[in-house]
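Novice: Got a structure here, written out as structure tokens. Questions coming.
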Amino acid sequence: MKVTIRKVLVIANLLKDDAGRLAEDVRAYLESQGIEVVVFGFRGKPAPPVLEDYDLAISLGGDGTVLFSSRILSSRSIPILPVNLGDFGFITEVAREEWIDAFERYRSGMIEAGDRLLLSVSVQRQEREIASFVGLNDAVVSTSGISKIVKLTVLLSDTRLGRYRADGIIVATPTGSTAYSAAAGGPILHPEMNAMIVNPICPFTLSHRPIVVPGDELVVVEVEQEQRTNVIMTIDGQSEFPLLPADRVLISASQERAHIIRSNKRTFYEVLRSKLNWSGGHDA
């Protein structure tokens with residue numbers, strides 16, 4: 001089924017080579033098709049753009065740009081066409097020279113936007129919510145010091161999973177399973193699964209292992225009273241929030257989903273094989 005596209009938001013990471021020029025090329029092409037275009041270029045950590053009734057967002061950058069885009073667009077269910085300005089990434093499967101073909105295939109209904117689980121994260125202090133976040137990759141509770149262990153308790157649906165003495169805890173989505181969680185020894189999940197990973201970072205007790213839980217689970221990370229270091233929470237590696245002893249971090253699947261347009265040039269498994277150099281890489 002064809003998709004009607006009248007207005008597009010282009011989100012361009014201007015720290016990437018040629019992002020500004022490509023953004024103008026995108027604008028020119030879409031306007032030649034009678035489509036209204038708004039370009040939001042940014043460097044570093046910008047304030048989010050004012051959202052309007054966009055039918056599509058085009059992300060120009062890397063996986064980090066898609067993470068930023070997904071968080072600011074999550075409340076509007078706006079699909080994202082992720083264009084990578086380097087090698088194709090785990091999320092940004094579309095290369096810069098492929099964007100027109102991917103756009104036209106999406107508009108004609110030949111390819112779709114897959115639904116990705118988003119994390120809804122709430123910080124409670126003295127039984128009151130003091131902050132909330134949305135993340136596409138992960139929420140990480142960890143030390144802000146150097147080589148110091150934090151003391152955390154993790155609960156799943158009010159059942160205590162365990163007390164952790166570790167560098168921290170990662171709660172990752174399937175999309176985030178190829179990021180920090182994978183580096184910490186976690187499993188890799190297909191990005192459109194409905195699940196979460198609870199993964200301790202360098203636990204003091206070797207019996208602690210990553211666990212995959214259903215997407216409707218509630219994960220609670222409690223910061224224990226006695227700490228020898230400061231504790232912080234980070235979302236997607238891009239937003240951080242300081243935590244205090246006795247704080248509780250509640251993590252669950254958001255009711256919203258990120259809608260990421262799939263590439264028709266390569267599958268997730270082909271990207272995985274190439275990026276991780278399995279079996280000698282894609283030329284083996």
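Just remember, in the structure tokens the first chain shown is A, the second B, etc., residues are 1-based per chain, and ligands are 1-based in the order shown.
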Please provide as a PDB file with C-alpha atoms, in the first residue's frame all residues within 7 Å of segment 93-96 of chain A, with the sequence filter that same-chain residues fewer than 6 positions apart are discarded (counting only C-alpha atoms).
Specialist:
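Once everything was written out, this is part-v7.pdb:
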ATOM      1  CA  PRO A  82      18.014   6.080   8.852  1.00  0.00           C
ATOM      2  CA  VAL A  83      20.789   7.098   6.444  1.00  0.00           C
ATOM      3  CA  ASN A  84      24.351   6.291   7.508  1.00  0.00           C
ATOM      4  CA  LEU A  85      27.097   8.676   6.489  1.00  0.00           C
ATOM      5  CA  SER A 263      16.686  -1.611   4.146  1.00  0.00           C
TER       6      SER A 263
END
Novice: For the alpha helix (DSSP H) assignment from backbone DSSP, which residues of segment 32-164 of chain A qualify? Please present them as a ChimeraX atom specification.
Specialist: /A:32,63-73,99-107
Novice: Rank A:Ser122, A:Thr229, A:Asn194, A:Thr267 by their smallest atom-to-atom distance to Leu250 of chain A, using only C-alpha atoms, and report the top residue only.
Specialist: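 Distance minimum relative to Leu250 of chain A lands on A:Ser122.
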Novice: Pull the strand (DSSP E or B) assignments for segment 20-202 of chain A out of DSSP run on the backbone, and list those residues as a ChimeraX atom specification.
Specialist: /A:36-42,56-61,80-84,94-95,113-125,128-135,138-143,150-156,159-166,168-172,195-201
Novice: Using only C-alpha atoms, which protein or nucleic acid residues come within 8 Å of Arg27 of chain A? Drop anything in the same chain fewer than 6 positions from it, and give the result as a VMD selection string.
Specialist: chain A and resid 37 to 39
Novice: Those selected residues, please, written with C-alpha atoms and delivered as a PDB file, in the first residue's frame.
Specialist:
ATOM      1  CA  VAL A  37      10.803  19.810   4.006  1.00  0.00           C
ATOM      2  CA  VAL A  38      12.158  21.107   7.312  1.00  0.00           C
ATOM      3  CA  VAL A  39      15.885  20.591   7.990  1.00  0.00           C
TER       4      VAL A  39
END
Novice: Rank A:Gly186, A:Gly41, A:Pro191, A:Pro79 by their smallest atom-to-atom distance to Leu272 of chain A, using only C-alpha atoms, and report the top residue only.
Specialist: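 Checking each candidate against Leu272 of chain A, we get A:Pro191 as the closest.
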